[in-house]
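See below for input.txt, which holds compact mmCIF, C-alpha atoms.
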# COMPACT_ATOMS: atom_id res chain seq x y z
CA HIS R 278 5.23 11.95 7.78
CA ASN R 279 7.96 11.46 5.10
CA THR R 280 5.48 10.27 2.48
CA SER R 281 5.65 11.59 -1.07
CA ASN R 282 3.03 12.13 -3.74
CA ASP R 283 2.64 9.43 -6.37
CA PHE R 284 0.58 8.73 -9.45
CA ASP R 285 -2.71 7.02 -8.66
CA ARG R 286 -4.30 4.06 -10.42
CA TRP R 287 -5.67 6.46 -13.07
CA ASN R 288 -2.11 7.71 -13.72
CA LYS R 289 -3.01 11.10 -12.28
CA SER R 290 -0.12 12.79 -10.50
CA LYS R 291 -0.14 13.64 -6.79
CA ASN R 292 -3.29 11.60 -6.13
CA ALA R 293 -1.74 8.76 -4.12
CA TYR R 294 0.82 8.46 -1.33
CA TYR R 295 4.16 6.68 -1.71
CA PHE R 296 5.65 5.08 1.43
CA ASN R 297 9.41 4.49 1.40
CA GLY R 298 9.47 1.44 3.70
CA THR R 299 11.83 3.19 6.12
CA ASP R 300 10.15 5.99 8.04
CA ALA R 301 7.03 7.07 6.12
CA TYR R 302 3.54 6.88 7.59
CA VAL R 303 0.27 8.80 7.93
CA GLU R 304 -1.67 9.27 11.16
CA ALA R 305 -5.45 9.21 10.75
CA LYS R 306 -5.79 12.37 12.86
CA SER R 307 -8.40 11.83 15.61
CA TYR R 308 -9.55 8.43 14.33
CA LYS R 309 -8.65 5.66 16.78
CA GLY R 310 -10.39 2.82 14.99
CA GLN R 311 -13.32 0.67 16.02
CA SER R 312 -12.93 -0.72 19.53
CA ASP R 313 -13.67 -4.07 21.16
CA SER R 314 -15.91 -6.10 18.84
CA ASP R 315 -17.50 -3.14 17.05
CA ALA R 316 -18.37 -3.63 13.39
CA ARG R 317 -15.78 -2.31 10.94
CA ALA R 318 -14.65 -2.27 7.34
CA VAL R 319 -11.48 -0.99 5.69
CA SER R 320 -10.88 -0.54 1.98
CA THR R 321 -7.80 0.65 0.08
CA TRP R 322 -5.91 0.39 -3.20
CA ILE R 323 -2.33 -0.86 -2.98
CA LEU R 324 0.64 -0.82 -5.36
CA ALA R 325 3.70 -2.77 -4.21
CA GLU R 326 6.86 -4.07 -5.81
CA ALA R 327 8.28 -7.57 -5.45
CA GLY R 328 9.63 -8.17 -1.97
CA SER R 329 7.53 -5.43 -0.39
CA GLY R 330 5.85 -5.88 2.99
CA GLY R 331 4.80 -4.02 6.12
CA THR R 332 1.67 -2.67 7.74
CA LEU R 333 -0.92 -1.02 5.50
CA ILE R 334 -3.35 0.04 8.24
CA ALA R 335 -3.37 -0.63 11.98
CA TRP R 336 -4.70 0.50 15.35
CA GLY R 337 -4.69 -0.80 18.91
CA LYS R 338 -1.90 -1.93 21.26
CA ASN R 339 -0.78 -4.47 23.86
CA GLY R 340 -1.77 -7.52 21.83
CA ASN R 341 -5.23 -6.15 21.08
CA THR R 342 -4.50 -4.75 17.64
CA PHE R 343 -6.35 -4.78 14.37
CA GLU R 344 -3.98 -4.82 11.41
CA ILE R 345 -4.04 -5.15 7.64
CA ASN R 346 -0.55 -6.08 6.48
CA LEU R 347 1.38 -7.12 3.42
CA SER R 348 3.29 -10.25 4.39
CA ALA R 349 5.64 -11.85 1.84
CA GLY R 350 3.57 -10.21 -0.87
CA VAL R 351 0.14 -11.42 0.29
CA LEU R 352 -2.62 -9.84 2.35
CA GLN R 353 -2.57 -10.58 6.09
CA VAL R 354 -5.35 -9.58 8.50
CA VAL R 355 -4.44 -9.62 12.21
CA ALA R 356 -6.77 -9.35 15.20
CA ASP R 357 -5.58 -9.85 18.80
CA GLY R 358 -2.68 -12.00 17.59
CA ALA R 359 -4.69 -14.32 15.34
CA THR R 360 -4.24 -14.04 11.56
CA ARG R 361 -5.83 -14.86 8.25
CA GLU R 362 -3.37 -14.79 5.37
CA GLY R 363 -4.27 -14.64 1.68
CA THR R 364 -2.78 -16.21 -1.42
CA THR R 365 -2.94 -13.54 -4.14
CA ASP R 366 0.42 -11.95 -4.97
CA LEU R 367 -0.09 -8.23 -4.39
CA ALA R 368 3.58 -7.28 -4.80
CA ASP R 369 3.58 -7.27 -8.60
CA ASP R 370 3.81 -3.50 -9.28
CA GLU R 371 0.13 -3.34 -10.21
CA TRP R 372 -2.76 -1.65 -8.41
CA HIS R 373 -5.00 -3.98 -6.36
CA HIS R 374 -8.10 -3.29 -4.30
CA VAL R 375 -8.26 -4.91 -0.84
CA LEU R 376 -11.23 -4.89 1.52
CA VAL R 377 -11.79 -6.31 5.00
CA SER R 378 -15.22 -6.22 6.67
CA ILE R 379 -16.25 -7.69 10.04
CA PRO R 380 -19.76 -7.55 11.57
CA GLU R 381 -20.67 -6.47 15.09
CA GLY R 382 -19.52 -9.03 17.66
CA GLY R 383 -17.62 -10.94 14.98
CA SER R 384 -14.32 -12.77 14.80
CA LEU R 385 -11.72 -13.16 12.06
CA ASP R 386 -13.65 -16.23 10.92
CA ASP R 387 -16.60 -13.91 10.24
CA ALA R 388 -14.54 -11.48 8.17
CA THR R 389 -15.24 -10.76 4.52
CA ILE R 390 -11.83 -10.48 2.85
CA GLN R 391 -11.71 -9.52 -0.81
CA VAL R 392 -9.02 -8.74 -3.35
CA ASP R 393 -10.01 -7.01 -6.59
CA GLY R 394 -13.69 -7.59 -5.93
CA SER R 395 -13.44 -11.34 -5.34
CA PRO R 396 -13.34 -13.39 -2.10
CA GLU R 397 -9.76 -14.10 -1.08
CA SER R 398 -8.70 -17.63 -0.17
CA THR R 399 -7.07 -17.41 3.27
CA THR R 400 -5.23 -19.59 5.76
CA PRO R 401 -6.14 -19.07 9.46
CA ASN R 402 -3.60 -19.11 12.26
CA GLY R 403 -4.39 -18.81 15.96
CA ASP R 404 -7.76 -18.26 17.61
CA THR R 405 -9.56 -16.84 14.59
CA ASP R 406 -12.93 -17.87 16.08
CA GLU R 407 -12.50 -15.58 19.11
CA THR R 408 -14.61 -12.41 19.26
CA LEU R 409 -12.53 -9.33 18.46
CA ASN R 410 -11.30 -7.29 21.42
CA THR R 411 -9.53 -4.36 19.76
CA ASP R 412 -7.95 -1.60 21.81
CA SER R 413 -8.67 1.89 20.45
CA SER R 414 -6.62 4.13 22.72
CA THR R 415 -4.10 5.06 20.02
CA THR R 416 -4.48 6.84 16.68
CA ALA R 417 -4.87 4.63 13.63
CA THR R 418 -1.82 4.67 11.36
CA ILE R 419 -1.41 4.10 7.64
CA GLY R 420 1.82 2.71 6.23
CA SER R 421 3.36 1.67 9.54
CA GLY R 422 2.58 -0.66 12.43
CA PRO R 423 3.54 -3.92 14.11
CA ALA R 424 4.58 -5.47 10.77
CA GLY R 425 6.93 -2.58 10.03
CA PHE R 426 6.98 0.24 7.50
CA PHE R 427 5.20 -0.39 4.21
CA ASN R 428 7.09 0.07 0.94
CA GLY R 429 4.73 1.00 -1.88
CA SER R 430 1.79 3.27 -2.71
CA LEU R 431 -1.71 3.54 -1.24
CA ASP R 432 -4.79 5.28 -2.61
CA GLU R 433 -8.40 5.77 -1.49
CA VAL R 434 -8.08 4.51 2.10
CA ARG R 435 -11.59 4.20 3.54
CA PHE R 436 -12.70 3.45 7.12
CA TYR R 437 -16.26 2.36 7.95
CA ASN R 438 -17.90 2.03 11.37
CA ARG R 439 -20.10 -0.76 10.05
CA ALA R 440 -19.68 -3.95 8.08
CA LEU R 441 -20.25 -3.87 4.32
CA VAL R 442 -23.02 -6.27 3.40
CA ALA R 443 -24.49 -8.10 0.41
CA ASP R 444 -22.97 -6.79 -2.83
CA GLU R 445 -21.44 -3.62 -1.32
CA PRO R 446 -17.81 -4.86 -1.41
CA GLU R 447 -18.00 -5.89 -5.07
CA SER R 448 -19.89 -2.70 -5.97
CA LEU R 449 -17.21 -0.57 -4.31
CA TYR R 450 -14.50 -2.30 -6.33
CA LYS R 451 -16.39 -1.83 -9.59
CA LEU R 452 -17.03 1.83 -8.75
CA GLU R 453 -13.33 2.56 -8.18
CA LYS R 454 -11.78 0.16 -10.69
CA PRO R 455 -9.62 2.04 -13.19
CA THR R 456 -9.76 1.51 -16.93
CA GLU R 457 -6.15 1.66 -17.98
CA PRO R 458 -5.10 2.35 -21.57
CA GLY R 459 -3.42 -0.39 -23.55
CA SER R 460 -0.16 1.55 -23.54
CA TYR R 461 1.24 4.87 -22.35
CA SER R 462 4.60 6.64 -22.31
CA PRO R 463 6.95 6.42 -19.33
CA ILE R 464 6.13 8.65 -16.35
CA ILE R 465 8.73 9.25 -13.63
CA THR R 466 6.91 8.85 -10.31
CA LEU R 467 9.92 9.17 -7.97
CA GLU R 468 13.00 11.26 -8.76
CA PRO R 469 16.48 10.33 -7.44
CA LEU R 470 17.58 12.44 -4.47
CA SER R 471 20.59 14.74 -4.84
CA GLN R 472 23.67 13.66 -2.89
CA THR R 473 27.01 15.27 -2.04
CA VAL R 474 29.81 12.72 -1.69
CA VAL R 475 33.59 12.51 -1.74
CA SER R 476 35.23 11.34 -4.96
CA GLY R 477 35.55 7.55 -4.95
CA ASP R 478 32.60 6.96 -2.62
CA THR R 479 29.80 4.54 -3.53
CA VAL R 480 26.49 6.23 -4.37
CA THR R 481 23.08 4.54 -4.40
CA LEU R 482 20.32 6.22 -6.39
CA PHE R 483 16.69 5.13 -6.58
CA THR R 484 13.93 6.06 -9.00
CA LYS R 485 10.51 4.82 -10.04
CA ALA R 486 8.70 5.07 -13.36
CA LYS R 487 5.49 3.73 -14.85
CA ALA R 488 4.72 2.82 -18.43
CA LYS R 489 2.96 0.19 -20.45
CA PRO R 490 4.80 -1.88 -21.61
CA ALA R 491 7.00 -1.77 -18.50
CA PRO R 492 9.93 0.68 -18.89
CA THR R 493 13.65 -0.02 -18.68
CA PHE R 494 16.24 2.30 -17.14
CA THR R 495 19.63 3.53 -18.32
CA TRP R 496 21.76 5.48 -15.83
CA GLN R 497 24.14 8.05 -17.28
CA TYR R 498 26.75 10.53 -16.08
CA LEU R 499 28.02 13.77 -17.57
CA ASP R 500 31.64 13.41 -18.71
CA LEU R 501 33.18 16.78 -17.84
CA ASN R 502 35.95 16.37 -20.43
CA SER R 503 33.81 15.53 -23.46
CA LYS R 504 30.69 17.32 -22.15
CA LEU R 505 28.71 14.25 -23.23
CA TRP R 506 26.32 12.02 -21.29
CA LYS R 507 27.67 8.46 -21.03
CA ASN R 508 26.09 5.23 -19.80
CA ILE R 509 27.11 3.92 -16.38
CA SER R 510 28.37 0.36 -16.75
CA GLY R 511 26.11 -2.06 -14.86
CA GLY R 512 23.59 0.65 -13.93
CA THR R 513 20.01 -0.62 -14.20

Give the structure from the file, written as structure tokens.
Amino acid sequence: HNTSNDFDRWNKSKNAYYFNGTDAYVEAKSYKGQSDSDARAVSTWILAEAGSGGTLIAWGKNGNTFEINLSAGVLQVVADGATREGTTDLADDEWHHVLVSIPEGGSLDDATIQVDGSPESTTPNGDTDETLNTDSSTTATIGSGPAGFFNGSLDEVRFYNRALVADEPESLYKLEKPTEPGSYSPIITLEPLSQTVVSGDTVTLFTKAKAKPAPTFTWQYLDLNSKLWKNISGGT
């Protein structure tokens, strides 16, 4: 719903979903998530800009939710109101792999939480030692939930009905980790939307592009008198 295609972590077009942070989300069809204290694992790749937040993946209701959120740029895992919050800045416009795995009958304290293949340092809040009691009467959603709409891109969202054990989490990261070239030319990943306005009105345009080194933007307008493109003062 209102998502758009984006370049994935391999810089391949239309292989990831972009969420606008306003009204975009994906419903996981008939999947309602693991219920009660059933074992579970969720894995995804995330690309977020500075200041981004919102729910990445969630299911459940009435205080018995299971959520993976981006809170103030860091990973936040929520279960029945208790939270574990990470420390790695994920809102840096780079792709990151996040994984959460909880065994059968487990609590948040039992969760394996990894970022980019390494254990994430987390801060607990609430009853993180309580056995999970997740409601599964509603469809799982991606990009929207109790923490609001997510602003950024997601790729390779995976749900498991078991916990990942031993070296599986690290192996999954290594399997999916992209090898990015040292540099590449700018690629527009989100085009500005056309607008019809009255002369003198304020217009806000938004675009996204990827490149290495990071690209810069110059906004221009077509001068109808000279028929030349001219820079917009202060447009960045």

As a check of understanding: the span from atom CA of Lys485 of chain R to atom CA of Leu352 of chain R is 23.3 Å

Taking only C-alpha atoms into account, which of R:Gln497, R:Thr415, R:Glu445, R:Tyr437 comes nearest Glu304 of chain R?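 The closest residue to Glu304 of chain R is R:Thr415.
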
Would you mind reading off the distance between atom CA of Ala349 of chain R and atom CA of Asp406 of chain R, one decimal, in Å? 24.2 Å

Selected residue of minimal separation from Asp313 of chain R among R:Asp369, R:Asp285, R:Asp412, R:Glu326, counting all atoms listed in the file: R:Asp412

Quick check, in Å to one decimal: how far apart do atom CA of Val319 of chain R and atom CA of Ile334 of chain R lie?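 For atom CA of Val319 of chain R relative to atom CA of Ile334 of chain R, the distance reads 8.6 Å.
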
Leu452 of chain R proximity check over R:His374, R:Lys507, R:Lys306, R:Lys291, using all atoms listed in the file: winner is R:His374

Find the residue from R:Gly429, R:Arg361, R:Leu376, R:Asp393 that sits nearest to Ala327 of chain R; use all atoms listed in the file when measuring.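 That would be R:Gly429, the residue with the smallest distance to Ala327 of chain R.
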
Using all atoms listed in the file, list the residues that have an atom at most 12 Å from (25.8, -1.8, -17.0), coordinates as in the file, as a PyMOL selection string. chain R and resi 494-497+507-513

Distance criterion (all atoms listed in the file): nearest to Ala293 of chain R out of R:Ala488, R:Leu482, R:Leu385, R:Leu431: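 Comparing R:Ala488, R:Leu482, R:Leu385, R:Leu431 against Ala293 of chain R, the winner is R:Leu431.
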
Excluding same-chain residues fewer than 5 positions from Val442 of chain R, what lies within 10 Å of it counting all atoms listed in the file, as a CSV table (one decimal) with C-alpha atoms, in the coordinates of the input?
chain,number,residue,atom,x,y,z
R,378,SER,CA,-15.2,-6.2,6.7
R,379,ILE,CA,-16.2,-7.7,10.0
R,380,PRO,CA,-19.8,-7.6,11.6
R,389,THR,CA,-15.2,-10.8,4.5
R,447,GLU,CA,-18.0,-5.9,-5.1

I'd like to know which of R:Ser471, R:Tyr308, R:Asp500, R:Ala316 is closest to Gly337 of chain R, using only C-alpha atoms.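 Once distances to Gly337 of chain R are computed over only C-alpha atoms, the minimum belongs to R:Tyr308.
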